[in-house]
file query-v2.pdb (PDB, C-alpha atoms, pLDDT in the B column)
ATOM      1  CA  MET N 177     106.473  93.616  93.977  1.00 53.00           C
ATOM      2  CA  ILE N 178     107.765  95.386  97.039  1.00 51.00           C
ATOM      3  CA  SER N 179     111.227  94.316  98.111  1.00 48.00           C
ATOM      4  CA  ASN N 180     114.741  95.673  97.616  1.00 44.00           C
ATOM      5  CA  TRP N 181     117.563  95.015  99.967  1.00 38.00           C
ATOM      6  CA  GLY N 182     116.695  91.643 101.360  1.00 40.00           C
ATOM      7  CA  SER N 183     114.088  88.973 101.608  1.00 36.00           C
ATOM      8  CA  ALA N 184     112.678  86.891 104.446  1.00 34.00           C
ATOM      9  CA  LEU N 185     111.042  88.559 107.412  1.00 43.00           C
ATOM     10  CA  VAL N 186     109.358  87.042 110.377  1.00 37.00           C
ATOM     11  CA  ARG N 187     106.589  88.842 112.182  1.00 43.00           C
ATOM     12  CA  THR N 188     107.109  89.053 115.928  1.00 42.00           C
ATOM     13  CA  PHE N 189     104.210  91.252 116.978  1.00 46.00           C
ATOM     14  CA  ARG N 190     101.638  89.271 118.959  1.00 44.00           C
ATOM     15  CA  GLY N 191      98.006  89.655 119.921  1.00 45.00           C
ATOM     16  CA  THR N 192      96.825  91.558 116.851  1.00 57.00           C
ATOM     17  CA  SER N 193      93.340  91.039 115.488  1.00 81.00           C
ATOM     18  CA  ALA N 194      93.427  91.912 111.800  1.00 90.00           C
ATOM     19  CA  PRO N 195      90.709  90.045 109.902  1.00 94.00           C
ATOM     20  CA  MET N 196      90.773  92.320 106.856  1.00 96.00           C
ATOM     21  CA  THR N 197      94.530  92.002 106.428  1.00 96.00           C
ATOM     22  CA  TYR N 198      94.234  88.226 106.416  1.00 95.00           C
ATOM     23  CA  THR N 199      91.171  88.382 104.168  1.00 97.00           C
ATOM     24  CA  LEU N 200      93.054  90.490 101.616  1.00 97.00           C
ATOM     25  CA  ILE N 201      95.976  88.059 101.716  1.00 97.00           C
ATOM     26  CA  GLY N 202      93.595  85.123 101.279  1.00 97.00           C
ATOM     27  CA  LEU N 203      91.786  86.751  98.345  1.00 97.00           C
ATOM     28  CA  CYS N 204      95.023  87.577  96.536  1.00 97.00           C
ATOM     29  CA  CYS N 205      96.298  84.031  97.007  1.00 97.00           C
ATOM     30  CA  LEU N 206      93.019  82.441  95.903  1.00 97.00           C
ATOM     31  CA  ILE N 207      92.694  84.638  92.806  1.00 97.00           C
ATOM     32  CA  PHE N 208      96.297  83.904  91.866  1.00 96.00           C
ATOM     33  CA  VAL N 209      95.886  80.148  92.222  1.00 96.00           C
ATOM     34  CA  LEU N 210      92.769  80.225  90.026  1.00 96.00           C
ATOM     35  CA  GLY N 211      94.423  82.398  87.371  1.00 95.00           C
ATOM     36  CA  PRO N 212      96.761  81.469  84.511  1.00 94.00           C
ATOM     37  CA  ALA N 213      99.944  82.729  86.185  1.00 93.00           C
ATOM     38  CA  SER N 214      99.884  79.990  88.840  1.00 93.00           C
ATOM     39  CA  GLY N 215     100.019  77.144  86.320  1.00 88.00           C
ATOM     40  CA  PHE N 216      97.508  75.163  88.375  1.00 91.00           C
ATOM     41  CA  VAL N 217      94.528  75.405  86.007  1.00 91.00           C
ATOM     42  CA  PRO N 218      94.826  73.014  83.030  1.00 91.00           C
ATOM     43  CA  SER N 219      92.125  74.800  81.023  1.00 90.00           C
ATOM     44  CA  TYR N 220      94.539  77.680  80.323  1.00 90.00           C
ATOM     45  CA  GLY N 221      96.762  75.307  78.363  1.00 87.00           C
ATOM     46  CA  THR N 222     100.541  75.093  78.321  1.00 88.00           C
ATOM     47  CA  GLY N 223     103.445  76.673  76.461  1.00 89.00           C
ATOM     48  CA  ASP N 224     102.469  79.412  74.018  1.00 90.00           C
ATOM     49  CA  ALA N 225      98.766  78.947  74.742  1.00 92.00           C
ATOM     50  CA  LEU N 226      99.392  79.638  78.432  1.00 91.00           C
ATOM     51  CA  LEU N 227     101.400  82.768  77.635  1.00 92.00           C
ATOM     52  CA  VAL N 228      98.588  84.070  75.434  1.00 93.00           C
ATOM     53  CA  ALA N 229      96.081  83.363  78.207  1.00 93.00           C
ATOM     54  CA  GLN N 230      98.237  85.196  80.733  1.00 93.00           C
ATOM     55  CA  ARG N 231      98.579  88.282  78.550  1.00 93.00           C
ATOM     56  CA  ALA N 232      94.837  88.382  77.909  1.00 94.00           C
ATOM     57  CA  TYR N 233      94.127  87.904  81.625  1.00 95.00           C
ATOM     58  CA  PHE N 234      96.439  90.736  82.668  1.00 93.00           C
ATOM     59  CA  ARG N 235      94.990  93.088  80.046  1.00 92.00           C
ATOM     60  CA  ARG N 236      91.459  92.256  81.142  1.00 92.00           C
ATOM     61  CA  TRP N 237      91.961  92.751  84.880  1.00 94.00           C
ATOM     62  CA  GLY N 238      95.090  94.909  85.063  1.00 93.00           C
ATOM     63  CA  VAL N 239      95.604  98.597  84.381  1.00 93.00           C
ATOM     64  CA  VAL N 240      96.565  99.431  80.796  1.00 91.00           C
ATOM     65  CA  PRO N 241      97.252 103.193  80.898  1.00 90.00           C
ATOM     66  CA  ALA N 242      96.502 103.705  77.202  1.00 89.00           C
ATOM     67  CA  ASN N 243      93.057 102.124  77.684  1.00 90.00           C
ATOM     68  CA  LEU N 244      92.214 103.697  81.026  1.00 88.00           C
ATOM     69  CA  PHE N 245      91.383 107.157  79.725  1.00 81.00           C
ATOM     70  CA  GLY N 246      88.631 107.538  77.127  1.00 69.00           C
ATOM     71  CA  SER N 247      87.716 103.845  77.054  1.00 68.00           C
ATOM     72  CA  PRO N 248      84.641 101.960  78.303  1.00 72.00           C
ATOM     73  CA  ALA N 249      83.567 102.702  81.847  1.00 76.00           C
ATOM     74  CA  ARG N 250      84.647  99.263  83.033  1.00 77.00           C
ATOM     75  CA  GLU N 251      88.283 100.339  82.556  1.00 86.00           C
ATOM     76  CA  ALA N 252      87.792 102.721  85.482  1.00 91.00           C
ATOM     77  CA  LEU N 253      87.510  99.680  87.752  1.00 92.00           C
ATOM     78  CA  THR N 254      90.812  98.146  86.708  1.00 93.00           C
ATOM     79  CA  PRO N 255      92.896 100.040  89.319  1.00 94.00           C
ATOM     80  CA  VAL N 256      90.869  98.085  91.888  1.00 95.00           C
ATOM     81  CA  THR N 257      90.879  94.687  90.184  1.00 96.00           C
ATOM     82  CA  ALA N 258      94.608  95.012  89.458  1.00 95.00           C
ATOM     83  CA  LEU N 259      95.276  95.088  93.218  1.00 96.00           C
ATOM     84  CA  PHE N 260      94.266  91.427  93.435  1.00 97.00           C
ATOM     85  CA  ILE N 261      96.183  90.166  90.376  1.00 95.00           C
ATOM     86  CA  HIS N 262      99.837  89.114  90.493  1.00 94.00           C
ATOM     87  CA  GLY N 263     102.195  88.096  87.741  1.00 90.00           C
ATOM     88  CA  SER N 264     104.189  85.307  89.394  1.00 90.00           C
ATOM     89  CA  TRP N 265     104.651  83.362  92.618  1.00 92.00           C
ATOM     90  CA  ILE N 266     107.550  85.625  93.643  1.00 88.00           C
ATOM     91  CA  HIS N 267     105.460  88.715  92.910  1.00 89.00           C
ATOM     92  CA  LEU N 268     102.593  87.374  95.025  1.00 93.00           C
ATOM     93  CA  LEU N 269     104.628  86.076  97.954  1.00 89.00           C
ATOM     94  CA  GLY N 270     106.770  89.211  98.202  1.00 84.00           C
ATOM     95  CA  ASN N 271     103.728  91.473  98.344  1.00 90.00           C
ATOM     96  CA  MET N 272     101.824  89.260 100.772  1.00 92.00           C
ATOM     97  CA  LEU N 273     104.807  89.098 103.097  1.00 87.00           C
ATOM     98  CA  PHE N 274     104.908  92.890 103.333  1.00 87.00           C
ATOM     99  CA  LEU N 275     101.154  93.047 103.866  1.00 93.00           C
ATOM    100  CA  TYR N 276     101.365  90.406 106.600  1.00 90.00           C
ATOM    101  CA  VAL N 277     104.211  92.171 108.400  1.00 85.00           C
ATOM    102  CA  PHE N 278     102.846  95.723 108.281  1.00 89.00           C
ATOM    103  CA  GLY N 279      99.126  95.352 107.648  1.00 93.00           C
ATOM    104  CA  ALA N 280      97.940  93.847 110.923  1.00 92.00           C
ATOM    105  CA  MET N 281      99.227  96.594 113.218  1.00 91.00           C
ATOM    106  CA  THR N 282      98.045  99.285 110.813  1.00 94.00           C
ATOM    107  CA  GLU N 283      94.587  97.720 110.618  1.00 96.00           C
ATOM    108  CA  GLU N 284      94.349  97.488 114.382  1.00 93.00           C
ATOM    109  CA  ARG N 285      95.103 101.219 114.619  1.00 93.00           C
ATOM    110  CA  LEU N 286      92.734 102.285 111.824  1.00 95.00           C
ATOM    111  CA  GLY N 287      89.920  99.805 112.399  1.00 94.00           C
ATOM    112  CA  ARG N 288      88.614  97.193 109.976  1.00 95.00           C
ATOM    113  CA  VAL N 289      86.345  99.299 107.786  1.00 96.00           C
ATOM    114  CA  GLU N 290      88.648 102.316 107.621  1.00 97.00           C
ATOM    115  CA  PHE N 291      91.671 100.126 106.886  1.00 97.00           C
ATOM    116  CA  THR N 292      89.867  98.397 104.009  1.00 97.00           C
ATOM    117  CA  LEU N 293      88.754 101.691 102.454  1.00 98.00           C
ATOM    118  CA  PHE N 294      92.228 103.144 103.015  1.00 98.00           C
ATOM    119  CA  TYR N 295      93.883 100.143 101.347  1.00 98.00           C
ATOM    120  CA  LEU N 296      91.606 100.132  98.308  1.00 98.00           C
ATOM    121  CA  GLY N 297      91.495 103.918  97.934  1.00 97.00           C
ATOM    122  CA  CYS N 298      95.246 104.473  98.188  1.00 97.00           C
ATOM    123  CA  GLY N 299      95.911 101.470  95.958  1.00 96.00           C
ATOM    124  CA  TYR N 300      93.543 102.871  93.330  1.00 97.00           C
ATOM    125  CA  LEU N 301      95.152 106.309  93.424  1.00 96.00           C
ATOM    126  CA  ALA N 302      98.676 104.868  93.322  1.00 95.00           C
ATOM    127  CA  LEU N 303      97.938 102.911  90.142  1.00 94.00           C
ATOM    128  CA  LEU N 304      96.044 105.870  88.700  1.00 94.00           C
ATOM    129  CA  GLY N 305      99.032 108.116  89.347  1.00 92.00           C
ATOM    130  CA  TYR N 306     101.302 105.696  87.519  1.00 90.00           C
ATOM    131  CA  ALA N 307      98.840 105.507  84.608  1.00 91.00           C
ATOM    132  CA  VAL N 308      98.675 109.307  84.323  1.00 91.00           C
ATOM    133  CA  ALA N 309     102.469 109.523  84.177  1.00 88.00           C
ATOM    134  CA  ASN N 310     102.628 106.763  81.531  1.00 86.00           C
ATOM    135  CA  ALA N 311      99.410 107.534  79.662  1.00 87.00           C
ATOM    136  CA  ASP N 312     100.623 106.088  76.340  1.00 87.00           C
ATOM    137  CA  SER N 313     101.806 102.781  77.762  1.00 86.00           C
ATOM    138  CA  GLU N 314     100.219  99.571  76.468  1.00 88.00           C
ATOM    139  CA  GLN N 315     101.788  97.489  79.232  1.00 88.00           C
ATOM    140  CA  SER N 316      99.491  95.855  81.783  1.00 90.00           C
ATOM    141  CA  LEU N 317     100.093  96.833  85.392  1.00 90.00           C
ATOM    142  CA  VAL N 318      99.058  94.381  88.104  1.00 92.00           C
ATOM    143  CA  GLY N 319      99.803  93.865  91.764  1.00 91.00           C
ATOM    144  CA  ALA N 320      99.070  95.162  95.243  1.00 93.00           C
ATOM    145  CA  SER N 321     102.306  97.132  95.702  1.00 90.00           C
ATOM    146  CA  GLY N 322     100.654 100.548  95.480  1.00 93.00           C
ATOM    147  CA  ALA N 323      98.210  99.710  98.265  1.00 96.00           C
ATOM    148  CA  ILE N 324     100.858  97.982 100.379  1.00 93.00           C
ATOM    149  CA  SER N 325     103.185 100.956  99.952  1.00 92.00           C
ATOM    150  CA  ALA N 326     100.388 103.080 101.452  1.00 96.00           C
ATOM    151  CA  VAL N 327     100.292 100.698 104.409  1.00 95.00           C
ATOM    152  CA  LEU N 328     104.062 101.169 104.815  1.00 92.00           C
ATOM    153  CA  GLY N 329     103.617 104.941 104.791  1.00 92.00           C
ATOM    154  CA  ALA N 330     100.889 104.823 107.434  1.00 94.00           C
ATOM    155  CA  PHE N 331     102.916 102.374 109.514  1.00 93.00           C
ATOM    156  CA  LEU N 332     105.896 104.727 109.447  1.00 87.00           C
ATOM    157  CA  TYR N 333     103.805 107.581 110.826  1.00 91.00           C
ATOM    158  CA  LEU N 334     101.962 105.506 113.415  1.00 92.00           C
ATOM    159  CA  PHE N 335     104.820 103.302 114.618  1.00 89.00           C
ATOM    160  CA  PRO N 336     108.091 105.140 113.827  1.00 86.00           C
ATOM    161  CA  ARG N 337     109.982 103.409 116.634  1.00 77.00           C
ATOM    162  CA  ALA N 338     108.884  99.872 115.833  1.00 79.00           C
ATOM    163  CA  ARG N 339     111.964  97.683 115.517  1.00 68.00           C
ATOM    164  CA  VAL N 340     112.380  95.860 112.238  1.00 67.00           C
ATOM    165  CA  THR N 341     114.808  93.057 111.543  1.00 57.00           C
ATOM    166  CA  SER N 342     116.300  93.350 108.064  1.00 56.00           C
ATOM    167  CA  LEU N 343     118.546  91.008 106.101  1.00 50.00           C
ATOM    168  CA  LEU N 344     120.941  93.073 103.992  1.00 48.00           C
ATOM    169  CA  PRO N 345     122.694  91.235 101.130  1.00 44.00           C
ATOM    170  CA  PHE N 346     125.672  93.602 101.103  1.00 37.00           C
ATOM    171  CA  LEU N 347     126.269  92.702 104.780  1.00 37.00           C
ATOM    172  CA  PHE N 348     126.158  88.961 104.135  1.00 38.00           C
ATOM    173  CA  PHE N 349     122.483  88.761 105.154  1.00 40.00           C
ATOM    174  CA  LEU N 350     123.258  89.436 108.795  1.00 42.00           C
ATOM    175  CA  PRO N 351     119.979  90.103 110.666  1.00 51.00           C
ATOM    176  CA  LEU N 352     120.142  93.704 111.871  1.00 46.00           C
ATOM    177  CA  ARG N 353     117.443  95.559 113.787  1.00 54.00           C
ATOM    178  CA  PHE N 354     116.545  99.134 112.929  1.00 52.00           C
ATOM    179  CA  PRO N 355     113.604 101.370 113.854  1.00 59.00           C
ATOM    180  CA  ALA N 356     110.932 101.876 111.187  1.00 64.00           C
ATOM    181  CA  TRP N 357     111.940 105.533 110.812  1.00 56.00           C
ATOM    182  CA  VAL N 358     115.278 104.287 109.412  1.00 60.00           C
ATOM    183  CA  VAL N 359     114.117 101.296 107.360  1.00 64.00           C
ATOM    184  CA  LEU N 360     111.056 102.683 105.596  1.00 70.00           C
ATOM    185  CA  PRO N 361     112.420 106.086 104.503  1.00 63.00           C
ATOM    186  CA  PHE N 362     115.462 104.244 103.127  1.00 60.00           C
ATOM    187  CA  TRP N 363     113.145 101.950 101.173  1.00 59.00           C
ATOM    188  CA  ALA N 364     111.234 104.977  99.856  1.00 62.00           C
ATOM    189  CA  ALA N 365     114.492 106.647  98.822  1.00 65.00           C
ATOM    190  CA  LEU N 366     115.425 103.556  96.811  1.00 61.00           C
ATOM    191  CA  GLN N 367     112.066 103.734  95.025  1.00 56.00           C
ATOM    192  CA  TRP N 368     112.673 107.423  94.257  1.00 54.00           C
ATOM    193  CA  LEU N 369     116.101 106.719  92.786  1.00 56.00           C
ATOM    194  CA  ALA N 370     114.803 103.763  90.791  1.00 50.00           C
ATOM    195  CA  ALA N 371     111.860 105.791  89.473  1.00 49.00           C
ATOM    196  CA  GLY N 372     114.260 108.479  88.275  1.00 50.00           C
ATOM    197  CA  GLN N 373     116.201 105.881  86.301  1.00 46.00           C
ATOM    198  CA  ALA N 374     113.113 104.326  84.728  1.00 45.00           C
ATOM    199  CA  ALA N 375     112.773 106.979  82.038  1.00 44.00           C
ATOM    200  CA  GLN N 376     113.154 104.472  79.235  1.00 41.00           C
ATOM    201  CA  GLY N 377     109.593 103.299  79.784  1.00 39.00           C
ATOM    202  CA  PRO N 378     107.402 101.430  82.245  1.00 37.00           C
ATOM    203  CA  GLY N 379     107.994  97.922  83.479  1.00 43.00           C
ATOM    204  CA  VAL N 380     108.524  98.309  87.194  1.00 51.00           C
ATOM    205  CA  ALA N 381     106.039 100.679  88.790  1.00 74.00           C
ATOM    206  CA  TYR N 382     108.331 102.498  91.192  1.00 78.00           C
ATOM    207  CA  LEU N 383     106.168 105.565  90.785  1.00 83.00           C
ATOM    208  CA  ALA N 384     103.119 103.667  92.066  1.00 88.00           C
ATOM    209  CA  HIS N 385     105.135 102.710  95.145  1.00 89.00           C
ATOM    210  CA  LEU N 386     106.073 106.327  95.784  1.00 88.00           C
ATOM    211  CA  VAL N 387     102.537 107.600  95.274  1.00 91.00           C
ATOM    212  CA  GLY N 388     101.121 104.939  97.579  1.00 93.00           C
ATOM    213  CA  PHE N 389     103.738 105.537 100.279  1.00 91.00           C
ATOM    214  CA  THR N 390     103.156 109.301 100.206  1.00 92.00           C
ATOM    215  CA  LEU N 391      99.381 108.896 100.327  1.00 96.00           C
ATOM    216  CA  GLY N 392      99.602 106.472 103.241  1.00 95.00           C
ATOM    217  CA  PHE N 393     101.894 108.671 105.299  1.00 93.00           C
ATOM    218  CA  GLY N 394      99.857 111.774 104.487  1.00 95.00           C
ATOM    219  CA  TYR N 395      96.586 110.071 105.394  1.00 96.00           C
ATOM    220  CA  ALA N 396      97.900 108.944 108.782  1.00 95.00           C
ATOM    221  CA  TRP N 397      99.317 112.417 109.449  1.00 94.00           C
ATOM    222  CA  VAL N 398      96.016 114.166 108.634  1.00 94.00           C
ATOM    223  CA  ARG N 399      93.847 111.521 110.293  1.00 91.00           C
ATOM    224  CA  PHE N 400      95.708 111.175 113.580  1.00 90.00           C
ATOM    225  CA  GLY N 401      97.780 114.304 114.014  1.00 83.00           C
ATOM    226  CA  ARG N 402     100.859 114.330 116.208  1.00 62.00           C
ATOM    227  CA  THR N 403      99.348 112.904 119.381  1.00 55.00           C
ATOM    228  CA  THR N 404      98.518 109.318 118.495  1.00 51.00           C
ATOM    229  CA  ARG N 405     101.775 107.614 117.643  1.00 51.00           C
ATOM    230  CA  VAL N 406     102.200 104.269 119.349  1.00 52.00           C
ATOM    231  CA  LYS N 407     105.342 102.531 120.546  1.00 52.00           C
ATOM    232  CA  PRO N 408     104.681  98.889 119.605  1.00 51.00           C
ATOM    233  CA  ALA N 409     106.340  95.574 120.235  1.00 49.00           C
ATOM    234  CA  PRO N 410     109.209  94.665 117.864  1.00 49.00           C
ATOM    235  CA  VAL N 411     108.479  93.556 114.320  1.00 49.00           C
ATOM    236  CA  THR N 412     110.598  91.923 111.638  1.00 48.00           C
ATOM    237  CA  VAL N 413     110.539  93.319 108.167  1.00 46.00           C
ATOM    238  CA  PRO N 414     111.894  92.844 104.658  1.00 46.00           C
ATOM    239  CA  GLU N 415     112.664  95.111 101.884  1.00 43.00           C
ATOM    240  CA  GLY N 416     111.611  95.265  98.381  1.00 39.00           C
ATOM    241  CA  GLU N 417     112.209  94.624  94.766  1.00 39.00           C
ATOM    242  CA  ASN N 418     109.809  96.413  92.581  1.00 37.00           C
ATOM    243  CA  GLN N 419     106.880  95.482  90.509  1.00 46.00           C
ATOM    244  CA  PRO N 420     103.456  96.306  91.905  1.00 51.00           C
TER     245      PRO N 420
END

call {"tool": "encode", "arguments": {"input": "query-v2.pdb", "output": "structure tokens"}}
result
Amino acid sequence: MISNWGSALVRTFRGTSAPMTYTLIGLCCLIFVLGPASGFVPSYGTGDALLVAQRAYFRRWGVVPANLFGSPAREALTPVTALFIHGSWIHLLGNMLFLYVFGAMTEERLGRVEFTLFYLGCGYLALLGYAVANADSEQSLVGASGAISAVLGAFLYLFPRARVTSLLPFLFFLPLRFPAWVVLPFWAALQWLAAGQAAQGPGVAYLAHLVGFTLGFGYAWVRFGRTTRVKPAPVTVPEGENQP
């Protein structure tokens, strides 16, 4: 999940038409509700039976690095399917909040089709990068954080002066407004530091966040050059904890 120094953001940008952003949010929510992690489907059972069903579900649709290379061709699709699977309500809601806050303006700038391909492509590569770095891991990796991190990277390039309202726990959750060029690089730096301390093995895919963020920023830089940055209306943003 993406989030790290606060929680709770409220979007203040108005007038954006972003059907694909809302479609992606709707799909992730629907798939979660119908899966075993939501607890809403009685057929998955309860207690130990539910835990077994969850593990099997995550292994089937998530990325298992040890299975991704040299396994059946269907494993090559798991970096896409994993983008729509989440492990808990907090995991889902944290990711969807970030996508809601940053996705709409980015989609409006890229266009619907390009934004969708950008989201899926960067998300795939972010999870693939994590799998390459942890090729022996048997742990399932699920979540949209890699793709959403790419959206954050593109947003930073396209809207560096957008104002974001952040709630910082070490400042008693006072709402403070900072430009995106302050907030998002700080978030990326936290992911870098956390990734460097995660040498004991996978669990939180900080590396996928970093790969996605770098790909998103690089794509926007190559695609738009230095002449297309936009000064938008203010936005409110969160931060992130980490688990894709």

call {"tool": "atom_distance", "arguments": {"input": "query-v2.pdb", "atom1": "atom CA of Arg337 of chain N", "atom2": "atom CA of Gly319 of chain N"}}
result
28.5 Å

call {"tool": "closest_residue", "arguments": {"input": "query-v2.pdb", "among": "N:Gly211, N:Pro195, N:Pro218, N:Pro241", "to": "Val289 of chain N", "atoms": "only C-alpha atoms"}}
result
N:Pro195

call {"tool": "atom_distance", "arguments": {"input": "query-v2.pdb", "atom1": "atom CA of Phe260 of chain N", "atom2": "atom CA of Ser321 of chain N"}}
result
10.1 Å

call {"tool": "closest_residue", "arguments": {"input": "query-v2.pdb", "among": "N:Leu360, N:Leu296, N:Ala307, N:Leu301", "to": "Gly388 of chain N", "atoms": "all atoms listed in the file"}}
result
N:Leu301

call {"tool": "closest_residue", "arguments": {"input": "query-v2.pdb", "among": "N:Ala225, N:Leu334, N:Ala326, N:Ala242", "to": "Leu391 of chain N", "atoms": "only C-alpha atoms"}}
result
N:Ala326

call {"tool": "atom_distance", "arguments": {"input": "query-v2.pdb", "atom1": "atom CA of Gly263 of chain N", "atom2": "atom CA of Val318 of chain N"}}
result
7.0 Å

call {"tool": "resolve_selection", "arguments": {"input": "query-v2.pdb", "expression": "the PyMOL selection byres ((chain N and resi 288) around 12)", "output": "mmCIF file with C-alpha atoms, in the coordinates of the input"}}
result
data_model
loop_
_atom_site.group_PDB
_atom_site.id
_atom_site.type_symbol
_atom_site.label_atom_id
_atom_site.label_comp_id
_atom_site.auth_asym_id
_atom_site.auth_seq_id
_atom_site.Cartn_x
_atom_site.Cartn_y
_atom_site.Cartn_z
ATOM 1 C CA SER N 193 93.340 91.039 115.488
ATOM 2 C CA ALA N 194 93.427 91.912 111.800
ATOM 3 C CA PRO N 195 90.709 90.045 109.902
ATOM 4 C CA MET N 196 90.773 92.320 106.856
ATOM 5 C CA THR N 197 94.530 92.002 106.428
ATOM 6 C CA TYR N 198 94.234 88.226 106.416
ATOM 7 C CA THR N 199 91.171 88.382 104.168
ATOM 8 C CA LEU N 200 93.054 90.490 101.616
ATOM 9 C CA GLY N 279 99.126 95.352 107.648
ATOM 10 C CA ALA N 280 97.940 93.847 110.923
ATOM 11 C CA MET N 281 99.227 96.594 113.218
ATOM 12 C CA THR N 282 98.045 99.285 110.813
ATOM 13 C CA GLU N 283 94.587 97.720 110.618
ATOM 14 C CA GLU N 284 94.349 97.488 114.382
ATOM 15 C CA ARG N 285 95.103 101.219 114.619
ATOM 16 C CA LEU N 286 92.734 102.285 111.824
ATOM 17 C CA GLY N 287 89.920 99.805 112.399
ATOM 18 C CA VAL N 289 86.345 99.299 107.786
ATOM 19 C CA GLU N 290 88.648 102.316 107.621
ATOM 20 C CA PHE N 291 91.671 100.126 106.886
ATOM 21 C CA THR N 292 89.867 98.397 104.009
ATOM 22 C CA LEU N 293 88.754 101.691 102.454
ATOM 23 C CA PHE N 294 92.228 103.144 103.015
ATOM 24 C CA TYR N 295 93.883 100.143 101.347
#

call {"tool": "closest_residue", "arguments": {"input": "query-v2.pdb", "among": "N:Val240, N:Ile266, N:Asn271, N:Val277", "to": "Leu304 of chain N", "atoms": "only C-alpha atoms"}}
result
N:Val240

call {"tool": "decode", "arguments": {"input": "query-v2.pdb", "residues": "segment 215-231 of chain N", "atoms": "N, CA and C atoms", "output": "compact mmCIF listing (two decimals), in the first residue's frame"}}
result
# COMPACT_ATOMS: atom_id res chain seq x y z
N GLY N 215 -13.98 -10.96 3.17
CA GLY N 215 -14.80 -11.62 4.17
C GLY N 215 -16.29 -11.58 3.86
N PHE N 216 -16.65 -11.12 2.66
CA PHE N 216 -18.06 -10.99 2.31
C PHE N 216 -18.64 -12.22 1.62
N VAL N 217 -17.79 -13.15 1.19
CA VAL N 217 -18.26 -14.29 0.40
C VAL N 217 -18.22 -15.55 1.27
N PRO N 218 -19.39 -16.03 1.69
CA PRO N 218 -19.43 -17.19 2.61
C PRO N 218 -18.79 -18.45 2.06
N SER N 219 -18.78 -18.60 0.73
CA SER N 219 -18.27 -19.85 0.14
C SER N 219 -16.78 -20.06 0.41
N TYR N 220 -16.06 -19.01 0.80
CA TYR N 220 -14.64 -19.17 1.12
C TYR N 220 -14.42 -19.73 2.52
N GLY N 221 -15.48 -19.82 3.30
CA GLY N 221 -15.37 -20.38 4.64
C GLY N 221 -14.95 -19.35 5.66
N THR N 222 -14.61 -19.83 6.85
CA THR N 222 -14.17 -18.96 7.93
C THR N 222 -12.94 -19.57 8.61
N GLY N 223 -12.31 -18.80 9.48
CA GLY N 223 -11.18 -19.31 10.24
C GLY N 223 -10.04 -19.80 9.37
N ASP N 224 -9.56 -21.01 9.68
CA ASP N 224 -8.42 -21.57 8.94
C ASP N 224 -8.75 -21.80 7.48
N ALA N 225 -9.99 -22.19 7.19
CA ALA N 225 -10.39 -22.43 5.80
C ALA N 225 -10.30 -21.13 5.00
N LEU N 226 -10.67 -20.02 5.60
CA LEU N 226 -10.59 -18.73 4.91
C LEU N 226 -9.14 -18.33 4.66
N LEU N 227 -8.27 -18.58 5.64
CA LEU N 227 -6.86 -18.27 5.46
C LEU N 227 -6.24 -19.08 4.33
N VAL N 228 -6.60 -20.35 4.26
CA VAL N 228 -6.11 -21.21 3.17
C VAL N 228 -6.60 -20.69 1.83
N ALA N 229 -7.87 -20.29 1.78
CA ALA N 229 -8.43 -19.76 0.54
C ALA N 229 -7.74 -18.47 0.12
N GLN N 230 -7.42 -17.63 1.09
CA GLN N 230 -6.73 -16.38 0.78
C GLN N 230 -5.34 -16.63 0.22
N ARG N 231 -4.61 -17.54 0.85
CA ARG N 231 -3.25 -17.83 0.36
C ARG N 231 -3.29 -18.39 -1.06
